[in-house]
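Trainee: One structure is given below, represented as structure tokens, and several questions about it will come after.
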Amino acid sequence: MPSLLIVDDEANIRRMVGALLAAEGYDVLDAPDGRAGLALAEAQDPDLALVDLMMPGEFDGLAVLEQLRSRSPDMPVIMMSGRAALADAVRATRLGAFTFLEKPLTPESVLLAIASALELRQARRTARALREDLGLTAQLVGDSPPMRAVRRLIEQVGPTDARVLVTGESGTGKELVAAALHASSPRRDHPFVRVNCAAIPRDLVESEMFGHEKGAFTGATERRIGRFELAHTGTLFLDEVGDLGLEAQAKLLRAIEAREIERVGGGKPIKVDVRIISATNKDLARAVREGAFREDLLFRLNVIPIELPPLRERPGDIPLLVRHFAERHRGRTGQACCGWSDSVFDAFGRYPWPGNVRELANIIERLSILHPGGVVTADEVRRLLPDNGTTPASVSVVHDEVDTGVPVSLSDALEAYERRLITGALSAAGGNIAEAARRLQTDRPNLYRRMRRLGIAGAQDD
């Protein structure tokens with residue numbers, strides 16, 4: 001059962017509330033003053049605290065509240081008082097109190113407040129766990145000079161409302177940068193809404209971004225709130241923004257400039273307050289020259305550019321990343337972590353990682369599943385890496401047969417090269433067919449046909 005801390009200078013209150021909570025099955029701690037309450041909270045780490053507002057001594061109720069919120073931000077604190085003024089209640093709320101109970105206390109009000117506060121704490125823990133599973137925890141791992149430069153830029157830019165364009169190869173962690181910028185901004189307690197621009201059908205972009213009214217078009221059976229409205233007062237992350245069509249770009253530009261949107265089928269402008277962070281693995285300057293991306297939109301999005309280095313340019317970060325992903329797997333599954341030898345890191349360091357950090361995370365998860373609690377060898381690593389972990393499958397060419405003088409047909413060479421391209425893309429995409437097809441600039445049906453022809457085993461699709 002959850003443990004609850006009661007901090008009150010009145011012994012009768014501590015005894016009566018403590019008995020009520022103990023009868024409900026809670027573990028109860030109590031302290032007669034603020035200093036003792038803070039020491040008990042530090043030692044026992046309770047799930048919730050009930051704190052009296054008016055207490056003698058160095059720490060009154062508001063001081064205790066402020067200290068508890070500073071030390072344990074997730075711990076709900078319920079304030080109690082029989083002589084509180086409105087100003088005290090307002091200040092307690094601003095300091096982060098969950099609610100304010102007036103004395104004399106009633107059992108119903110105490111139990112209801114505690115149940116609601118504990119439910120909120122559990123919801124926050126669940127949300128954090130989900131964000132960790134989705135990779136949205138804004139934890140950028142690495143101590144190489146390029147990553148230190150990225151972190152310094154995030155510290156500078158995060159607290160502002162400046163629009164940021166994050167660039168880099170697929171799998172380098174652009175979404176983590178966006179989440180870190182949001183977490184370091186004044187909007188951190190407001191929504192962080194992600195839009196994968198590459199995944200939205202072109203005829204649904206406007207509805208997805210701005211929402212629609214019921215009956216706006218065939219199939220619009222109810223009102224839909226768009227991503228801009230969902231992100232109001234928070235951050236809107238436009239992932240793969242380079243994949244938007246020109247018509248969608250024009251509407252996005254208008255929304256950014258006017259700071260208002262209109263739902264499809266609605267004639268009323270809706271004011272929105274969002275910070276825009278964009279990301280792409282494309283060369284948008286080149287896309288502008290080719291007429292595929294609006295120059296004025298690029299100017300709006302690219303106020304602050306942040307470029308993420310590929311993993312092959314920061315091999316010194318690989319050991320930190322390996323241990324990070326292994327520990328994350330252990331936290332999700334409870335399995336013991338693998339052991340990693342220096343030879344394993346050498347093998348990782350020689351591989352060019354076309355899929356970058358995402359590919360490394362996939363490999364570490366696979367090794368953690370196959371060798372729980374064991375020691376991973378370099379040979380086991382090489383067997384998992386395309387082309388035995390020596391050259392990037394996306395660029396290697398079949399030279400071996402020619403160099404040895406053994407005759408090789410053009411069709412055999414092309415087939416071997418095609419197999420390397422596909423297996424390399426699949427590895428970089430973590431086995432996801434749709435992502436591999438996107439990397440190879442083809443569609444899924446064509447990729448499936450080629451895999452069947454080459455005898456490449458299928459992988460999980462989304």
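The way I read the labels, and the way they are meant: chains A, B, ... in the order of the structure tokens, residue 1 as the first residue of every chain, and ligand 1 as the first ligand shown, with later ones counted on from there.
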Assign secondary structure with DSSP using the backbone only, and return the residues of stretch 159-335 of chain A in strand (DSSP E) as JSON, numbers by chain.
Mentor: {"A": [164, 165, 166, 167, 192, 193, 194, 195, 196, 211, 212, 224, 225, 235, 236, 237, 238, 239, 260, 261, 270, 271, 275, 276, 277, 278, 279, 280, 304, 305, 306, 307]}
Trainee: Convert the current residue selection to file output with C-alpha atoms, as a PDB file, in the first residue's frame.
Mentor:
```
ATOM      1  CA  VAL A 164      14.010  25.341 -34.634  1.00  0.00           C
ATOM      2  CA  LEU A 165      14.832  23.128 -37.611  1.00  0.00           C
ATOM      3  CA  VAL A 166      16.584  19.895 -36.619  1.00  0.00           C
ATOM      4  CA  THR A 167      18.438  18.168 -39.442  1.00  0.00           C
ATOM      5  CA  PHE A 192       4.100  18.147 -26.836  1.00  0.00           C
ATOM      6  CA  VAL A 193       2.357  17.058 -30.043  1.00  0.00           C
ATOM      7  CA  ARG A 194       4.178  15.167 -32.800  1.00  0.00           C
ATOM      8  CA  VAL A 195       3.113  15.048 -36.448  1.00  0.00           C
ATOM      9  CA  ASN A 196       4.795  12.631 -38.844  1.00  0.00           C
ATOM     10  CA  GLY A 211      -9.096  19.600 -37.820  1.00  0.00           C
ATOM     11  CA  HIS A 212     -12.524  19.470 -39.451  1.00  0.00           C
ATOM     12  CA  ARG A 224     -12.021  16.421 -35.267  1.00  0.00           C
ATOM     13  CA  ILE A 225      -9.547  18.597 -33.384  1.00  0.00           C
ATOM     14  CA  THR A 235       5.005  22.594 -28.718  1.00  0.00           C
ATOM     15  CA  LEU A 236       4.148  21.207 -32.163  1.00  0.00           C
ATOM     16  CA  PHE A 237       6.829  18.941 -33.591  1.00  0.00           C
ATOM     17  CA  LEU A 238       6.664  18.593 -37.381  1.00  0.00           C
ATOM     18  CA  ASP A 239       8.715  15.486 -38.121  1.00  0.00           C
ATOM     19  CA  GLU A 260      -4.576  31.075 -36.313  1.00  0.00           C
ATOM     20  CA  ILE A 261      -6.158  28.156 -38.124  1.00  0.00           C
ATOM     21  CA  ILE A 270      -9.188  29.881 -34.171  1.00  0.00           C
ATOM     22  CA  LYS A 271      -6.241  31.522 -32.446  1.00  0.00           C
ATOM     23  CA  ARG A 275       5.975  26.731 -30.679  1.00  0.00           C
ATOM     24  CA  ILE A 276       7.039  25.054 -33.931  1.00  0.00           C
ATOM     25  CA  ILE A 277       9.961  22.624 -34.014  1.00  0.00           C
ATOM     26  CA  SER A 278      10.615  20.874 -37.320  1.00  0.00           C
ATOM     27  CA  ALA A 279      12.876  18.046 -38.398  1.00  0.00           C
ATOM     28  CA  THR A 280      13.978  16.544 -41.684  1.00  0.00           C
ATOM     29  CA  ILE A 304      17.664  28.232 -35.312  1.00  0.00           C
ATOM     30  CA  PRO A 305      19.256  25.257 -37.119  1.00  0.00           C
ATOM     31  CA  ILE A 306      20.477  22.243 -35.140  1.00  0.00           C
ATOM     32  CA  GLU A 307      22.345  19.557 -37.067  1.00  0.00           C
TER      33      GLU A 307
END
```
Trainee: Near stretch 52-63 of chain A, within 9 Å and counting only C-alpha atoms, which residues show up once chain neighbours fewer than 2 positions away are dropped, as a ChimeraX atom specification?
Mentor: /A:6-10,32-35,50,65-68,78-84,88,91-92,95
Trainee: Any chance you could export the current selection's C-alpha atoms as an mmCIF file, in the first residue's frame?
Mentor:
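Done, and the output landed in again-v9.cif:
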```
data_model
loop_
_atom_site.group_PDB
_atom_site.id
_atom_site.type_symbol
_atom_site.label_atom_id
_atom_site.label_comp_id
_atom_site.auth_asym_id
_atom_site.auth_seq_id
_atom_site.Cartn_x
_atom_site.Cartn_y
_atom_site.Cartn_z
ATOM 1 C CA ILE A 6 1.264 13.570 8.067
ATOM 2 C CA VAL A 7 3.041 16.762 9.217
ATOM 3 C CA ASP A 8 1.041 18.615 11.876
ATOM 4 C CA ASP A 9 1.902 20.124 15.252
ATOM 5 C CA GLU A 10 -1.450 18.989 16.709
ATOM 6 C CA PRO A 32 5.181 17.066 14.771
ATOM 7 C CA ASP A 33 6.918 19.904 12.904
ATOM 8 C CA GLY A 34 8.283 20.939 9.533
ATOM 9 C CA ARG A 35 11.923 20.048 10.144
ATOM 10 C CA LEU A 50 -0.568 15.950 4.257
ATOM 11 C CA LEU A 65 5.522 22.419 0.752
ATOM 12 C CA GLU A 66 8.191 24.307 -1.164
ATOM 13 C CA GLN A 67 10.944 21.961 0.044
ATOM 14 C CA LEU A 68 8.935 18.807 -0.738
ATOM 15 C CA ILE A 78 -2.262 18.166 0.423
ATOM 16 C CA MET A 79 -2.393 21.254 2.640
ATOM 17 C CA MET A 80 -4.591 21.463 5.767
ATOM 18 C CA SER A 81 -5.624 24.456 7.861
ATOM 19 C CA GLY A 82 -8.431 25.852 9.981
ATOM 20 C CA ARG A 83 -7.256 29.466 9.897
ATOM 21 C CA ALA A 84 -6.091 29.961 6.334
ATOM 22 C CA ASP A 88 -2.532 31.467 1.753
ATOM 23 C CA ARG A 91 0.096 30.814 -2.624
ATOM 24 C CA ALA A 92 -0.048 27.118 -1.697
ATOM 25 C CA LEU A 95 3.743 26.397 -4.992
#
```
Trainee: I'd like the interatomic distance between atom CA of A:Ala287 and atom CA of A:Gly242, to a tenth of an Å.
Mentor: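 A separation of 8.2 Å between them.
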Trainee: Between A:Ala429, A:Val264, A:Leu298, A:Ala23, which is the closest to A:Ile363 once you count only C-alpha atoms?
Mentor: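 Between A:Ala429, A:Val264, A:Leu298, A:Ala23, the residue approaching A:Ile363 most closely is A:Ala429.
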Trainee: Rank nothing, just name the residue among A:Ala22, A:Ala87, A:Ile456, A:Val157 nearest to A:Ile433, using only C-alpha atoms.
Mentor: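 Distance minimum relative to A:Ile433 lands on A:Ile456.
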